[in-house]
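S.K.: Structure: data_2.cif, mmCIF, C-alpha atoms.
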data_coords
loop_
_atom_site.label_atom_id
_atom_site.label_comp_id
_atom_site.auth_asym_id
_atom_site.auth_seq_id
_atom_site.Cartn_x
_atom_site.Cartn_y
_atom_site.Cartn_z
CA MET A 1 110.87 98.85 100.68
CA LYS A 2 110.83 102.51 100.65
CA TRP A 3 112.43 102.95 97.30
CA THR A 4 114.09 106.32 97.20
CA ASP A 5 117.03 104.65 95.64
CA ASN A 6 118.76 107.86 96.69
CA LEU A 7 119.36 108.11 93.03
CA ARG A 8 122.55 109.26 91.42
CA THR A 9 122.33 112.79 90.14
CA LEU A 10 120.53 112.49 86.85
CA GLY A 11 120.78 116.08 85.66
CA ASN A 12 119.16 119.29 86.71
CA GLY A 13 115.69 118.06 85.79
CA VAL A 14 115.91 115.09 88.15
CA LYS A 15 117.56 116.69 91.19
CA LEU A 16 114.29 117.96 92.60
CA ALA A 17 112.58 114.57 92.19
CA THR A 18 115.53 112.92 93.88
CA ARG A 19 115.30 115.22 96.91
CA ILE A 20 111.55 114.65 97.15
CA ALA A 21 111.98 110.90 96.86
CA LYS A 22 114.67 110.91 99.52
CA ALA A 23 112.48 112.73 102.00
CA LYS A 24 109.33 110.75 101.22
CA LEU A 25 110.53 107.23 100.57
CA GLU A 26 113.83 106.59 102.31
CA ALA A 27 112.71 107.16 105.88
CA PRO A 28 112.35 105.30 108.10
CA ARG A 29 115.61 103.43 107.98
CA VAL A 30 115.43 99.72 108.52
CA ARG A 31 116.00 98.91 112.18
CA ILE A 32 117.54 95.59 113.27
CA PRO A 33 116.44 94.77 116.83
CA PRO A 34 119.00 93.13 119.12
CA ARG A 35 116.85 89.99 119.39
CA THR A 36 116.96 89.30 115.64
CA GLN A 37 118.75 86.03 114.96
CA VAL A 38 120.50 85.90 111.60
CA SER A 39 122.62 83.29 109.90
CA ARG A 40 126.35 83.77 109.52
CA LEU A 41 127.04 84.14 105.83
CA GLU A 42 130.15 83.21 103.95
CA GLU A 43 131.65 85.94 101.77
CA TYR A 44 133.32 85.42 98.40
CA THR A 45 135.40 87.94 96.48
CA ASP A 46 136.76 85.70 93.75
CA PHE A 47 133.64 85.26 91.64
CA GLY A 48 134.96 86.87 88.47
CA GLY A 49 133.90 90.15 86.92
CA ASN A 50 132.05 92.53 89.20
CA PRO A 51 130.95 95.43 86.99
CA GLY A 52 128.21 96.42 89.45
CA ARG A 53 130.55 96.47 92.48
CA LEU A 54 128.29 94.22 94.56
CA ARG A 55 129.20 92.03 97.53
CA MET A 56 128.72 88.24 97.25
CA ARG A 57 127.52 86.42 100.35
CA ALA A 58 126.09 82.92 100.70
CA HIS A 59 124.36 80.67 103.20
CA LEU A 60 125.59 77.09 102.91
CA PRO A 61 123.62 74.39 104.70
CA ALA A 62 124.54 70.74 104.39
CA PHE A 63 123.95 69.94 100.73
CA ALA A 64 124.96 67.44 98.08
CA ALA A 65 126.10 68.12 94.53
CA ASN A 66 123.57 68.74 91.78
CA ARG A 67 121.14 70.57 94.09
CA PRO A 68 119.18 73.69 93.12
CA LEU A 69 120.58 77.17 93.69
CA VAL A 70 118.54 80.18 94.83
CA VAL A 71 119.69 83.80 94.49
CA LEU A 72 117.90 86.18 96.90
CA LEU A 73 117.86 89.95 96.27
CA HIS A 74 117.10 92.18 99.25
CA GLY A 75 115.06 95.37 99.21
CA CYS A 76 116.22 98.92 99.85
CA GLY A 77 118.08 99.40 103.11
CA GLN A 78 117.77 95.76 104.14
CA ASP A 79 120.53 93.62 105.56
CA PRO A 80 120.66 90.50 103.34
CA ALA A 81 121.22 88.08 106.22
CA THR A 82 118.33 89.49 108.24
CA PHE A 83 116.04 89.48 105.20
CA ALA A 84 116.99 85.89 104.36
CA ALA A 85 116.31 84.76 107.92
CA GLU A 86 113.06 86.65 108.51
CA SER A 87 111.60 85.77 105.11
CA GLY A 88 112.17 82.07 105.82
CA TRP A 89 114.70 81.42 103.06
CA ILE A 90 117.43 80.37 105.51
CA ASP A 91 115.10 77.77 107.03
CA CYS A 92 113.99 76.66 103.56
CA ALA A 93 117.58 76.20 102.40
CA ASP A 94 118.44 74.27 105.58
CA ARG A 95 115.40 72.02 105.28
CA LEU A 96 115.73 71.26 101.58
CA GLY A 97 119.51 71.35 101.35
CA PHE A 98 120.45 73.93 98.72
CA PRO A 99 122.90 76.88 98.67
CA LEU A 100 121.49 80.37 98.99
CA VAL A 101 123.37 83.25 97.32
CA LEU A 102 122.74 86.79 98.59
CA PRO A 103 124.11 89.63 96.45
CA GLU A 104 124.42 92.81 98.49
CA GLN A 105 124.10 96.34 97.19
CA ALA A 106 126.77 98.87 98.18
CA GLY A 107 126.11 102.29 99.60
CA SER A 108 128.68 103.66 97.18
CA ASN A 109 126.38 102.59 94.32
CA ASN A 110 123.17 103.79 95.89
CA ALA A 111 122.89 105.58 99.23
CA GLY A 112 119.61 103.77 99.99
CA ARG A 113 121.27 100.45 99.05
CA CYS A 114 118.58 99.79 96.42
CA PHE A 115 119.34 97.67 93.38
CA GLN A 116 119.17 100.03 90.40
CA TRP A 117 116.62 98.15 88.29
CA PHE A 118 115.77 101.32 86.35
CA GLN A 119 119.29 102.05 85.04
CA PRO A 120 119.94 100.50 81.59
CA SER A 121 123.65 100.31 82.44
CA ASP A 122 122.81 98.16 85.49
CA THR A 123 120.34 95.80 83.81
CA ALA A 124 121.98 95.09 80.45
CA ARG A 125 123.60 91.70 79.97
CA ASP A 126 127.23 91.59 81.16
CA SER A 127 126.91 95.12 82.50
CA GLY A 128 126.51 96.74 85.90
CA GLU A 129 124.62 95.10 88.73
CA ALA A 130 122.94 92.46 86.57
CA GLY A 131 126.38 91.45 85.31
CA SER A 132 127.63 91.08 88.88
CA ILE A 133 124.61 89.00 89.90
CA ALA A 134 125.14 86.71 86.91
CA ALA A 135 128.86 86.35 87.68
CA MET A 136 128.09 85.40 91.29
CA THR A 137 125.49 82.91 90.13
CA ARG A 138 127.79 81.23 87.63
CA ALA A 139 130.60 81.09 90.18
CA ALA A 140 128.24 79.55 92.74
CA ILE A 141 127.09 76.87 90.28
CA GLY A 142 130.70 75.82 89.77
CA ARG A 143 131.86 76.18 93.37
CA PHE A 144 128.87 74.40 94.93
CA GLY A 145 128.25 71.87 92.15
CA SER A 146 124.70 73.14 91.66
CA ASP A 147 122.34 71.86 88.99
CA PRO A 148 122.59 74.48 86.20
CA LYS A 149 119.04 73.66 85.11
CA ARG A 150 117.61 74.55 88.54
CA VAL A 151 118.87 78.05 89.22
CA PHE A 152 116.32 80.54 90.56
CA VAL A 153 116.19 84.22 91.56
CA VAL A 154 113.87 85.89 94.09
CA GLY A 155 113.62 89.55 95.03
CA LEU A 156 111.63 92.02 97.13
CA SER A 157 110.72 95.52 95.94
CA ALA A 158 113.80 96.98 94.20
CA GLY A 159 115.20 93.45 94.45
CA GLY A 160 112.00 92.12 92.84
CA ALA A 161 112.33 94.51 89.93
CA MET A 162 116.01 93.57 89.57
CA ALA A 163 115.11 89.87 89.70
CA VAL A 164 112.91 90.12 86.60
CA ALA A 165 115.48 92.36 84.91
CA ALA A 166 118.13 89.67 85.54
CA MET A 167 115.78 86.98 84.21
CA ALA A 168 115.29 89.03 81.06
CA ALA A 169 119.02 89.60 80.53
CA TYR A 170 119.94 86.01 81.46
CA PRO A 171 117.08 83.70 80.42
CA ASP A 172 119.71 81.06 79.72
CA LEU A 173 120.88 81.19 83.36
CA PHE A 174 117.69 81.35 85.44
CA ALA A 175 115.01 78.67 85.09
CA ALA A 176 112.45 80.67 87.08
CA GLY A 177 112.10 83.61 89.39
CA ALA A 178 109.83 85.41 91.81
CA SER A 179 109.07 89.09 92.19
CA VAL A 180 107.50 90.41 95.40
CA ALA A 181 106.20 94.00 95.13
CA GLY A 182 108.28 94.56 92.00
CA LEU A 183 107.83 96.19 88.61
CA PRO A 184 107.86 94.95 85.00
CA VAL A 185 110.91 94.87 82.78
CA GLY A 186 111.29 98.15 80.88
CA ALA A 187 108.91 100.16 83.07
CA ALA A 188 111.56 102.84 83.67
CA THR A 189 114.91 103.85 82.25
CA SER A 190 115.79 106.63 84.70
CA GLY A 191 115.43 107.48 88.35
CA LEU A 192 112.66 109.99 87.66
CA GLN A 193 110.70 107.44 85.65
CA ALA A 194 111.19 104.87 88.43
CA ILE A 195 109.58 107.18 90.97
CA MET A 196 106.70 107.85 88.59
CA ARG A 197 106.07 104.19 87.79
CA MET A 198 106.14 103.14 91.41
CA ALA A 199 103.20 105.47 91.98
CA SER A 200 101.46 105.15 88.60
CA PRO A 201 101.96 101.90 86.65
CA GLY A 202 102.74 102.17 82.97
CA PRO A 203 103.46 103.21 80.32
CA ASP A 204 100.47 102.21 78.22
CA ARG A 205 101.67 99.35 76.00
CA SER A 206 100.09 96.31 74.42
CA PRO A 207 100.88 92.90 75.97
CA GLU A 208 103.12 92.10 73.00
CA ALA A 209 104.97 95.40 73.36
CA TRP A 210 105.59 94.62 77.04
CA ALA A 211 106.87 91.16 76.10
CA GLU A 212 109.21 92.78 73.59
CA GLN A 213 110.90 94.64 76.47
CA VAL A 214 112.01 91.25 77.80
CA ARG A 215 113.05 89.90 74.39
CA ALA A 216 115.13 93.02 73.73
CA ALA A 217 117.12 92.42 76.93
CA ALA A 218 117.85 88.77 76.14
CA PRO A 219 120.86 87.52 74.17
CA HIS A 220 120.54 88.03 70.43
CA GLY A 221 118.69 85.11 68.86
CA PHE A 222 117.54 83.57 72.14
CA ALA A 223 114.46 81.47 71.37
CA GLY A 224 113.61 80.05 74.77
CA PRO A 225 112.52 78.47 76.90
CA TRP A 226 111.80 81.62 78.87
CA PRO A 227 112.01 81.56 82.67
CA ARG A 228 108.84 80.96 84.66
CA LEU A 229 107.66 83.72 87.00
CA SER A 230 105.85 83.88 90.36
CA ILE A 231 104.43 87.34 91.26
CA TRP A 232 103.31 88.45 94.73
CA GLN A 233 101.59 91.75 95.47
CA GLY A 234 99.83 93.38 98.41
CA GLN A 235 96.80 95.44 97.48
CA LEU A 236 97.44 97.95 100.30
CA ASP A 237 100.93 98.72 99.00
CA LYS A 238 101.49 102.48 99.12
CA THR A 239 105.07 102.31 97.82
CA VAL A 240 104.68 100.22 94.65
CA ALA A 241 101.22 100.58 93.11
CA PRO A 242 99.54 97.15 92.81
CA GLY A 243 98.82 97.76 89.13
CA ASN A 244 102.49 97.05 88.45
CA ALA A 245 101.91 93.38 89.32
CA LEU A 246 99.11 93.16 86.76
CA ILE A 247 101.37 94.60 84.05
CA LEU A 248 104.16 92.23 85.09
CA ALA A 249 101.80 89.25 84.77
CA THR A 250 100.62 90.52 81.37
CA GLN A 251 104.22 90.94 80.22
CA TRP A 252 105.28 87.39 81.08
CA ARG A 253 102.01 85.82 79.89
CA ALA A 254 102.56 87.42 76.50
CA LEU A 255 106.21 86.34 76.53
CA HIS A 256 105.11 82.73 77.07
CA GLY A 257 102.22 83.03 74.61
CA LEU A 258 99.61 82.27 77.28
CA ALA A 259 95.93 83.19 77.02
CA ALA A 260 93.49 84.18 79.77
CA PRO A 261 93.87 82.41 83.13
CA ALA A 262 93.10 78.73 82.86
CA LYS A 263 93.09 78.36 86.62
CA ALA A 264 92.18 80.75 89.38
CA GLY A 265 91.34 80.24 93.01
CA GLN A 266 90.43 82.21 96.09
CA MET A 267 92.05 81.26 99.36
CA ARG A 268 91.31 82.34 102.92
CA ASP A 269 91.05 86.00 103.83
CA GLY A 270 90.39 86.98 100.24
CA VAL A 271 93.82 86.01 98.87
CA THR A 272 93.59 85.16 95.18
CA HIS A 273 95.92 82.96 93.19
CA GLN A 274 95.89 83.06 89.38
CA MET A 275 97.86 80.54 87.34
CA TRP A 276 98.70 80.43 83.65
CA PRO A 277 99.81 76.86 82.88
CA ASP A 278 101.37 75.47 79.76
CA GLY A 279 100.97 71.73 80.07
CA ARG A 280 101.46 70.41 83.58
CA HIS A 281 103.20 73.39 85.15
CA SER A 282 102.27 77.04 85.64
CA GLN A 283 104.54 79.31 83.64
CA VAL A 284 103.24 82.47 85.32
CA GLU A 285 101.32 82.92 88.57
CA LEU A 286 100.00 85.95 90.46
CA TRP A 287 99.23 86.05 94.17
CA SER A 288 97.12 89.02 95.30
CA LEU A 289 96.82 89.76 99.03
CA PRO A 290 94.04 92.28 99.80
CA ALA A 291 95.19 93.30 103.31
CA MET A 292 98.93 93.32 102.57
CA PRO A 293 101.00 96.54 102.63
CA HIS A 294 104.43 96.93 101.05
CA GLY A 295 106.56 94.01 102.16
CA TYR A 296 107.22 90.29 102.00
CA PRO A 297 104.33 87.93 102.95
CA ALA A 298 105.79 85.79 105.75
CA GLY A 299 102.77 83.70 106.69
CA SER A 300 102.49 83.20 110.44
CA ARG A 301 106.14 84.00 111.18
CA THR A 302 106.55 86.95 113.51
CA ALA A 303 108.71 89.84 112.40
CA ALA A 304 109.96 93.03 113.96
CA PRO A 305 108.18 96.18 112.75
CA GLY A 306 109.92 98.11 110.00
CA HIS A 307 111.64 95.17 108.34
CA PHE A 308 109.10 94.90 105.53
CA ILE A 309 108.42 91.30 106.53
CA GLU A 310 104.67 91.16 107.01
CA PRO A 311 102.42 88.52 108.58
CA ALA A 312 100.03 87.22 105.94
CA PRO A 313 97.48 84.45 105.30
CA VAL A 314 99.98 82.76 103.00
CA ASP A 315 103.73 82.20 103.18
CA ALA A 316 105.45 83.51 100.04
CA THR A 317 108.61 81.46 100.64
CA ALA A 318 106.68 78.20 100.83
CA GLY A 319 104.64 79.14 97.76
CA ILE A 320 107.67 80.17 95.73
CA ALA A 321 109.54 77.00 96.74
CA ARG A 322 106.62 74.93 95.45
CA PHE A 323 106.51 76.96 92.22
CA PHE A 324 110.22 76.33 91.69
CA GLY A 325 109.80 72.64 92.50
CA LEU A 326 112.24 72.79 95.42
CA ASP A 327 110.14 70.67 97.79
#
Using structure tokens, write down the structure from this file.
M.R.:
Amino acid sequence: MKWTDNLRTLGNGVKLATRIAKAKLEAPRVRIPPRTQVSRLEEYTDFGGNPGRLRMRAHLPAFAANRPLVVLLHGCGQDPATFAAESGWIDCADRLGFPLVLPEQAGSNNAGRCFQWFQPSDTARDSGEAGSIAAMTRAAIGRFGSDPKRVFVVGLSAGGAMAVAAMAAYPDLFAAGASVAGLPVGAATSGLQAIMRMASPGPDRSPEAWAEQVRAAAPHGFAGPWPRLSIWQGQLDKTVAPGNALILATQWRALHGLAAPAKAGQMRDGVTHQMWPDGRHSQVELWSLPAMPHGYPAGSRTAAPGHFIEPAPVDATAGIARFFGLD
């Protein structure tokens, strides 16, 4: 996603950075070709508090009660239905029979329609966009009879950064999550910092200090278990520096108290997969794709140019579904 975020005016010192970001990162706009087939989504307005002024949409295949629930966060400028279809999550939900919730950012919040993962007021518990995402998720659990122990969140780019922010603020709601081309919790607290950290990962903190950023966002006294995390990153990403994925893995490894990788493997075309297990299941994993630019790894699915859905040696949706235990 080209993350300008078309940031709200942050003061005289940020106006210049905002204009630069808008020119550099917002264009080109996402184009939806006429041939794109997308699922019709149901819309819900009665999901409770909506402090972040987001839109709640959902894809509902045939499903029984007590099934998992997946929340999918789009990237900047993306149409949620198109993203869900082209990334394979519509097909996955249809095949495995679970509801798919798609929060949608509003242009009135952010002209680039980016989730504002860098704004403390939008990531704090029961506040802003994170509060809206949590309200939608809770409403969906009740409305669809979902298993409250199998609730997951996935996001791309700005949506990936918001996914981990939501996991940090609501570790009692989400069992696991996945961040594709995202950033660690606490990497930025303003629009200017967000632009800087996209290009240059940081700041320089110890693993424990990074983990503390997550603990500070959680409910007071929360002692775990912490959500599990799947991380996906292209090494040719020119929008979000790949070093952010390494910090994100370090942050969640420290949060879970995990040591150096116990398992690591190299797949075809140089793709690497690192896993940090605790017992039988990986608590944190990191997929690194050497030839991947900024976007969502879609395996062999074809995608229209400019949608940030990229062909890749591995299919992120299939891998994330396995990590969550959906299939």
S.K.: Work out how far apart CA of Leu246 (chain A) and CA of Gly88 (chain A) are and give it in Å to one decimal.
M.R.: 25.6 Å
S.K.: Starting from the point (109.3, 99.3, 80.7), work out which residues of protein, DNA or RNA have an atom no more than 10 Å away when counting only C-alpha atoms; state them as a VMD selection string.
M.R.: chain A and resid 118 183 to 189 193 to 194 197 201 to 205 209 to 214 247 to 248 251
S.K.: When you count only C-alpha atoms, which of these residues is closest to Thr45 (chain A): A:Met136, A:Ala130, A:Ala124, A:Ala62?
M.R.: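 For Thr45 (chain A), the nearest of the candidates is A:Met136.
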S.K.: Just checking: using only C-alpha atoms, which residue out of A:His74, A:Arg53, A:Arg301, A:Arg67 ends up closest to Ala158 (chain A)?
M.R.: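 Among A:His74, A:Arg53, A:Arg301, A:Arg67, it is A:His74 that comes nearest to Ala158 (chain A).
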S.K.: Write out as a list in words the residues lying within 8 Å of Val271 (chain A), counting only C-alpha atoms and excluding same-chain residues fewer than 4 positions away.
M.R.: Gln266, Met267, Trp287, Ser288, Leu289, Pro290 and Pro313 of chain A
S.K.: Selection from above, C-alpha atoms, as a short mmCIF file (atom, residue, chain, number, x, y, z; two decimals), in the coordinates of the input, can you write it?
M.R.:
data_model
loop_
_atom_site.label_atom_id
_atom_site.label_comp_id
_atom_site.auth_asym_id
_atom_site.auth_seq_id
_atom_site.Cartn_x
_atom_site.Cartn_y
_atom_site.Cartn_z
CA GLN A 266 90.43 82.21 96.09
CA MET A 267 92.05 81.26 99.36
CA TRP A 287 99.23 86.05 94.17
CA SER A 288 97.12 89.02 95.30
CA LEU A 289 96.82 89.76 99.03
CA PRO A 290 94.04 92.28 99.80
CA PRO A 313 97.48 84.45 105.30
#
S.K.: Would you give the centre and edge lengths, in Å to one decimal, of a box along x, y and z around the listed atoms of region 154-167 of chain A, with 6 Å added to each side, as AutoDock Vina command-line options?
M.R.:
--center_x 114.4 --center_y 91.4 --center_z 90.7 --size_x 19.4 --size_y 23.1 --size_z 24.9
S.K.: Distance CA of Ser206 (chain A)-CA of Gly191 (chain A), one decimal place?
M.R.: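 Computing the Euclidean distance for CA of Ser206 (chain A) and CA of Gly191 (chain A) yields 23.5 Å.
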S.K.: For the atom pair CA of Arg322 (chain A) and CA of Ala217 (chain A), what is the interatomic distance in Å to one decimal place?
M.R.: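 Computed distance, CA of Arg322 (chain A) to CA of Ala217 (chain A), equals 27.6 Å.
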S.K.: Find the residue from A:Gly75, A:Pro103, A:Gly97, A:Pro227 that sits nearest to Glu43 (chain A); use all atoms listed in the file when measuring.
M.R.: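 The shortest atom-to-atom distance to Glu43 (chain A) comes from A:Pro103.
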S.K.: Considering only C-alpha atoms, return as a PyMOL selection string whatever protein or nucleic-acid residues lie within 9 Å of Ile133 (chain A), sequence-local ones (same chain, fewer than 6 positions apart) excluded.
M.R.: chain A and resi 50+52+54+56+71+103+166
S.K.: How about saving the chosen residues, C-alpha atoms kept, as an mmCIF file, in the coordinates of the input?
M.R.:
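What follows is the written file result19.cif:
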data_model
loop_
_atom_site.group_PDB
_atom_site.id
_atom_site.type_symbol
_atom_site.label_atom_id
_atom_site.label_comp_id
_atom_site.auth_asym_id
_atom_site.auth_seq_id
_atom_site.Cartn_x
_atom_site.Cartn_y
_atom_site.Cartn_z
ATOM 1 C CA ASN A 50 132.050 92.530 89.200
ATOM 2 C CA GLY A 52 128.210 96.420 89.450
ATOM 3 C CA LEU A 54 128.290 94.220 94.560
ATOM 4 C CA MET A 56 128.720 88.240 97.250
ATOM 5 C CA VAL A 71 119.690 83.800 94.490
ATOM 6 C CA PRO A 103 124.110 89.630 96.450
ATOM 7 C CA ALA A 166 118.130 89.670 85.540
#
S.K.: May I ask which of the residues A:Gly319, A:Val284, A:Ala241, A:Glu86 is the closest one to Pro261 (chain A), counting only C-alpha atoms?
M.R.: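 Among the listed residues, A:Val284 lies closest to Pro261 (chain A).
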S.K.: Applied to the shown file, which residues does the PyMOL selection byres ((chain A and resi 148-156) around 7) return, written as a ChimeraX atom specification?
M.R.: /A:68-75,141,146-147,157-160,163,173-182,296
S.K.: Give me region 178-198 of chain A from this structure - N, CA and C atoms, as an mmCIF file, in the first residue's frame.
M.R.:
data_model
loop_
_atom_site.group_PDB
_atom_site.id
_atom_site.type_symbol
_atom_site.label_atom_id
_atom_site.label_comp_id
_atom_site.auth_asym_id
_atom_site.auth_seq_id
_atom_site.Cartn_x
_atom_site.Cartn_y
_atom_site.Cartn_z
ATOM 1 N N ALA A 178 -2.203 -11.892 11.881
ATOM 2 C CA ALA A 178 -1.190 -11.910 10.829
ATOM 3 C C ALA A 178 -0.989 -10.502 10.308
ATOM 4 N N SER A 179 0.267 -10.141 10.127
ATOM 5 C CA SER A 179 0.633 -8.830 9.610
ATOM 6 C C SER A 179 1.439 -9.017 8.331
ATOM 7 N N VAL A 180 0.948 -8.463 7.231
ATOM 8 C CA VAL A 180 1.633 -8.524 5.942
ATOM 9 C C VAL A 180 2.142 -7.128 5.618
ATOM 10 N N ALA A 181 3.462 -6.976 5.537
ATOM 11 C CA ALA A 181 4.083 -5.671 5.244
ATOM 12 C C ALA A 181 3.642 -4.613 6.248
ATOM 13 N N GLY A 182 3.629 -4.980 7.522
ATOM 14 C CA GLY A 182 3.229 -4.059 8.578
ATOM 15 C C GLY A 182 4.402 -3.552 9.394
ATOM 16 N N LEU A 183 4.093 -2.947 10.538
ATOM 17 C CA LEU A 183 5.102 -2.388 11.420
ATOM 18 C C LEU A 183 4.809 -2.804 12.853
ATOM 19 N N PRO A 184 5.831 -2.740 13.731
ATOM 20 C CA PRO A 184 5.624 -3.164 15.125
ATOM 21 C C PRO A 184 4.775 -2.190 15.924
ATOM 22 N N VAL A 185 4.212 -2.698 16.994
ATOM 23 C CA VAL A 185 3.440 -1.874 17.913
ATOM 24 C C VAL A 185 4.355 -0.836 18.553
ATOM 25 N N GLY A 186 3.929 0.422 18.557
ATOM 26 C CA GLY A 186 4.706 1.479 19.193
ATOM 27 C C GLY A 186 5.819 2.044 18.349
ATOM 28 N N ALA A 187 5.881 1.697 17.059
ATOM 29 C CA ALA A 187 6.946 2.225 16.199
ATOM 30 C C ALA A 187 6.786 3.718 15.949
ATOM 31 N N ALA A 188 5.547 4.213 15.971
ATOM 32 C CA ALA A 188 5.290 5.630 15.689
ATOM 33 C C ALA A 188 4.091 6.092 16.491
ATOM 34 N N THR A 189 4.108 7.352 16.851
ATOM 35 C CA THR A 189 2.983 7.955 17.568
ATOM 36 C C THR A 189 2.509 9.243 16.899
ATOM 37 N N SER A 190 2.921 9.442 15.651
ATOM 38 C CA SER A 190 2.463 10.599 14.884
ATOM 39 C C SER A 190 2.613 10.277 13.411
ATOM 40 N N GLY A 191 1.982 11.088 12.575
ATOM 41 C CA GLY A 191 2.099 10.889 11.147
ATOM 42 C C GLY A 191 3.521 11.041 10.650
ATOM 43 N N LEU A 192 4.245 12.034 11.159
ATOM 44 C CA LEU A 192 5.625 12.243 10.736
ATOM 45 C C LEU A 192 6.490 11.048 11.106
ATOM 46 N N GLN A 193 6.326 10.537 12.321
ATOM 47 C CA GLN A 193 7.080 9.351 12.725
ATOM 48 C C GLN A 193 6.720 8.141 11.874
ATOM 49 N N ALA A 194 5.447 8.021 11.501
ATOM 50 C CA ALA A 194 5.029 6.893 10.662
ATOM 51 C C ALA A 194 5.769 6.897 9.337
ATOM 52 N N ILE A 195 5.861 8.059 8.709
ATOM 53 C CA ILE A 195 6.573 8.170 7.440
ATOM 54 C C ILE A 195 8.041 7.793 7.621
ATOM 55 N N MET A 196 8.641 8.252 8.710
ATOM 56 C CA MET A 196 10.042 7.950 8.973
ATOM 57 C C MET A 196 10.267 6.455 9.180
ATOM 58 N N ARG A 197 9.385 5.823 9.964
ATOM 59 C CA ARG A 197 9.592 4.414 10.305
ATOM 60 C C ARG A 197 9.261 3.490 9.149
ATOM 61 N N MET A 198 8.411 3.896 8.264
ATOM 62 C CA MET A 198 8.200 3.115 7.054
ATOM 63 C C MET A 198 9.485 2.993 6.254
#
